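**Q** First the structure, which I've put down as structure tokens, then a few questions once you've had a look.
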Amino acid sequence: MLAYLDVDLSTDLAALLPLVAPLISGHSDLAIGTRLARGSRVVRGPKREIISRCYNGLLRGTLSVGFTDAQCGFKAVRAEVAERLLPLVQDREWFFDTELLVIAERAGLRIHEVPVDWVDDPDSRVDLLPTALADLRGMARLGRALARGQLPLAALGGAGTTAGSPVLPPPGRLAQPLRFAAVGAAATLLHLALYVLLRPVAGAQTGNTLALLLCTVLNTAANRRFTFGVRGRAGLPAHHLGGLTALLAGLAVTGGALAALHHAVPGAGPGTELPVLVAADLAAAVLRFRLLRAWILPTHRSRRTTGTPAS
């Protein structure tokens, strides 16, 4: 067994036996502590809590990971697995444990999660901004390598592991945000053009609603085929129902932005409204992507198990 924990002993050592037990039994290949699962007891400031949750949420959204806490400094791995896994990890700084877990999960290795008792060290020397930027670069590099098939995932399985076939995301999953952004940019331009045409006749709010309605139908159809790769009529009504739900969300954001603008600047014209609509469209696009992905794609779940809480 190879195991490590943060030098400040933020994790209670009572969690060590639950961490290594599934490795000793042969049940799992890696085991990690998690501060974000039910049963974890965590003492830390709101800034680090928010950053941690945002980081792990970003991992789930971009690399489709199944584990809950990539950066908890409390992990263990079977030695024969580490011999094959560690040479593939390029990062030598804070991103290394995230990279290790993503590669392991994609290779089909079994990851066991243990809720931990964690007390944050207020005297931490981690510089958050450079670390965050380095993590984003690492995610982009790793995503490209996975998308291009540059990692020998199949070779990580074999004797001494519980691995099955590599666990890959649905086709095009890593490219979805880029394709969605391209469709969204075209839809935003169409929305603005229709708004300019309809506003003199119908007014600001009605013109925005009509323009958004038409754009949503076209946006859903384009994303269904281009972003998510769905063909045929199967599930079409449910997909457009999801699009209409996205319409309501987008209408709330863009309509609310226009209402706030007119309250702050009575008599604001199209020259002022259009930049506000662009900003509101960007905010609505993030929510729309989450809704469309939830309705159109099956949820990707990796094989993982959860241990008993640390005492």
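Residues in the structure tokens are numbered from 1 in each chain, the chains being A, B, ... in the order shown, and ligands are numbered from 1 in the order shown.
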Range 63-269 of chain A: which residues are strand (DSSP E or B) by DSSP, as a PDB file with N, CA and C atoms, in the first residue's frame?

**A**
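For reference, states-v8.pdb as written:
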```pdb
ATOM      1  N   PHE A  74      -5.657  13.024   1.369  1.00  0.00           N
ATOM      2  CA  PHE A  74      -5.743  11.781   2.142  1.00  0.00           C
ATOM      3  C   PHE A  74      -6.109  10.673   1.167  1.00  0.00           C
ATOM      4  N   LYS A  75      -5.091   9.973   0.641  1.00  0.00           N
ATOM      5  CA  LYS A  75      -5.322   9.002  -0.432  1.00  0.00           C
ATOM      6  C   LYS A  75      -4.420   7.789  -0.244  1.00  0.00           C
ATOM      7  N   ALA A  76      -4.852   6.672  -0.814  1.00  0.00           N
ATOM      8  CA  ALA A  76      -4.052   5.443  -0.782  1.00  0.00           C
ATOM      9  C   ALA A  76      -4.262   4.695  -2.090  1.00  0.00           C
ATOM     10  N   VAL A  77      -3.257   3.936  -2.493  1.00  0.00           N
ATOM     11  CA  VAL A  77      -3.333   3.173  -3.732  1.00  0.00           C
ATOM     12  C   VAL A  77      -2.522   1.898  -3.549  1.00  0.00           C
ATOM     13  N   ILE A 111     -12.456   3.059  -7.412  1.00  0.00           N
ATOM     14  CA  ILE A 111     -12.066   4.076  -6.439  1.00  0.00           C
ATOM     15  C   ILE A 111     -13.046   4.038  -5.272  1.00  0.00           C
ATOM     16  N   HIS A 112     -12.507   3.878  -4.081  1.00  0.00           N
ATOM     17  CA  HIS A 112     -13.304   3.813  -2.858  1.00  0.00           C
ATOM     18  C   HIS A 112     -13.223   5.159  -2.151  1.00  0.00           C
ATOM     19  N   GLU A 113     -14.361   5.705  -1.736  1.00  0.00           N
ATOM     20  CA  GLU A 113     -14.395   7.002  -1.065  1.00  0.00           C
ATOM     21  C   GLU A 113     -14.730   6.839   0.413  1.00  0.00           C
ATOM     22  N   VAL A 114     -14.013   7.559   1.242  1.00  0.00           N
ATOM     23  CA  VAL A 114     -14.199   7.501   2.687  1.00  0.00           C
ATOM     24  C   VAL A 114     -14.497   8.899   3.208  1.00  0.00           C
ATOM     25  N   PRO A 115     -15.684   9.155   3.747  1.00  0.00           N
ATOM     26  CA  PRO A 115     -15.934  10.455   4.389  1.00  0.00           C
ATOM     27  C   PRO A 115     -14.981  10.649   5.568  1.00  0.00           C
ATOM     28  N   ASP A 117     -13.175  13.260   8.812  1.00  0.00           N
ATOM     29  CA  ASP A 117     -13.219  14.425   9.686  1.00  0.00           C
ATOM     30  C   ASP A 117     -12.040  15.314   9.298  1.00  0.00           C
ATOM     31  N   TRP A 118     -12.329  16.567   8.963  1.00  0.00           N
ATOM     32  CA  TRP A 118     -11.298  17.451   8.417  1.00  0.00           C
ATOM     33  C   TRP A 118     -11.364  18.795   9.129  1.00  0.00           C
ATOM     34  N   VAL A 119     -10.226  19.251   9.650  1.00  0.00           N
ATOM     35  CA  VAL A 119     -10.111  20.571  10.259  1.00  0.00           C
ATOM     36  C   VAL A 119      -9.054  21.345   9.481  1.00  0.00           C
TER      37      VAL A 119
END
```

**Q** Please return, as a PyMOL selection string, all residues of range 32-247 of chain A that DSSP assigns to alpha helix (DSSP H) on the basis of the backbone.

**A** chain A and resi 46-63+79-85+96-106+128-147+176-202+204-222+236-247

**Q** Nearest residue to Asn56 in chain A out of A:Asp29, A:Asp91, A:Asp121, A:Asp135, using only C-alpha atoms?

**A**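 Closest to Asn56 in chain A, using only C-alpha atoms: A:Asp135.
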
**Q** For range 184-194 of chain A, please output as an MDAnalysis selection string all residues within 12 Å (counting only C-alpha atoms; exclusion window: fewer than 3 positions along the same chain).

**A** chainID A and resid 176:181 197:202 204 206:223 226:227 250:251 254 270:271 273:289

**Q** Please measure the separation of CA of Pro87 in chain A and CA of Ser28 in chain A, giving the value in Å to one decimal.

**A**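 Spanning CA of Pro87 in chain A to CA of Ser28 in chain A is a straight-line distance of 20.0 Å.
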
**Q** Using only C-alpha atoms, find the one residue out of A:Val65, A:Ala259, A:Leu151, A:Val81 that sits nearest to Leu2 in chain A.

**A**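 The answer is A:Val81, which sits nearest to Leu2 in chain A.
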
**Q** Write out as a ChimeraX atom specification each polymer residue whose atoms come within 12 Å of range 8-16 of chain A, counting only C-alpha atoms; drop sequence neighbours fewer than 3 positions from it.

**A** /A:1-5,19-23,31-35,40-44,72-76,113-125,307-311

**Q** Would you list the contacts of Glu93 in chain A as a VMD selection string, taking every protein, DNA or RNA residue within 12 Å and counting only C-alpha atoms, but skipping same-chain residues closer than 4 positions in sequence?

**A** chain A and resid 71 89 97 to 100 126 130 to 132 134 to 135 138

**Q** Write the residues of the selection above to a file with N, CA and C atoms, as a CSV table (one decimal), in the first residue's frame.

**A**
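Final output, saved to again.csv:
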```
chain,number,residue,atom,x,y,z
A,71,GLN,N,-9.2,16.8,-4.4
A,71,GLN,CA,-8.0,17.4,-3.8
A,71,GLN,C,-7.9,17.2,-2.2
A,89,VAL,N,1.1,10.3,-15.0
A,89,VAL,CA,0.7,11.5,-14.4
A,89,VAL,C,1.9,12.5,-14.7
A,97,ASP,N,-2.9,15.0,-8.0
A,97,ASP,CA,-3.8,14.0,-7.5
A,97,ASP,C,-5.1,14.0,-8.3
A,98,THR,N,-5.5,15.1,-8.8
A,98,THR,CA,-6.7,15.2,-9.7
A,98,THR,C,-6.4,14.4,-11.0
A,99,GLU,N,-5.2,14.6,-11.6
A,99,GLU,CA,-4.8,13.9,-12.8
A,99,GLU,C,-4.8,12.3,-12.5
A,100,LEU,N,-4.2,12.0,-11.4
A,100,LEU,CA,-4.1,10.5,-11.1
A,100,LEU,C,-5.5,9.9,-11.0
A,126,VAL,N,-0.7,27.6,0.7
A,126,VAL,CA,-1.1,27.5,-0.7
A,126,VAL,C,-1.6,28.8,-1.2
A,130,PRO,N,-2.6,31.4,-8.3
A,130,PRO,CA,-1.7,30.7,-9.2
A,130,PRO,C,-2.1,29.2,-9.2
A,131,THR,N,-2.5,28.6,-8.0
A,131,THR,CA,-2.9,27.2,-8.0
A,131,THR,C,-4.1,27.0,-8.8
A,132,ALA,N,-5.1,27.9,-8.7
A,132,ALA,CA,-6.3,27.7,-9.5
A,132,ALA,C,-6.0,27.8,-11.0
A,134,ALA,N,-3.2,27.1,-12.5
A,134,ALA,CA,-2.5,25.9,-12.9
A,134,ALA,C,-3.4,24.7,-13.0
A,135,ASP,N,-4.4,24.6,-12.1
A,135,ASP,CA,-5.4,23.5,-12.2
A,135,ASP,C,-6.2,23.6,-13.5
A,138,GLY,N,-4.1,22.4,-16.2
A,138,GLY,CA,-4.0,20.9,-16.1
A,138,GLY,C,-5.3,20.2,-16.7
```

**Q** Env of Leu156 in chain A: 8 Å cut, atoms = only C-alpha atoms, seq-sep filter 4 positions within chain, self excluded. Answer as a list of chain:residue names.

**A** A:Val81, A:Arg84, A:Leu85, A:Ala104, A:Ala107, A:Pro152, A:Ala163
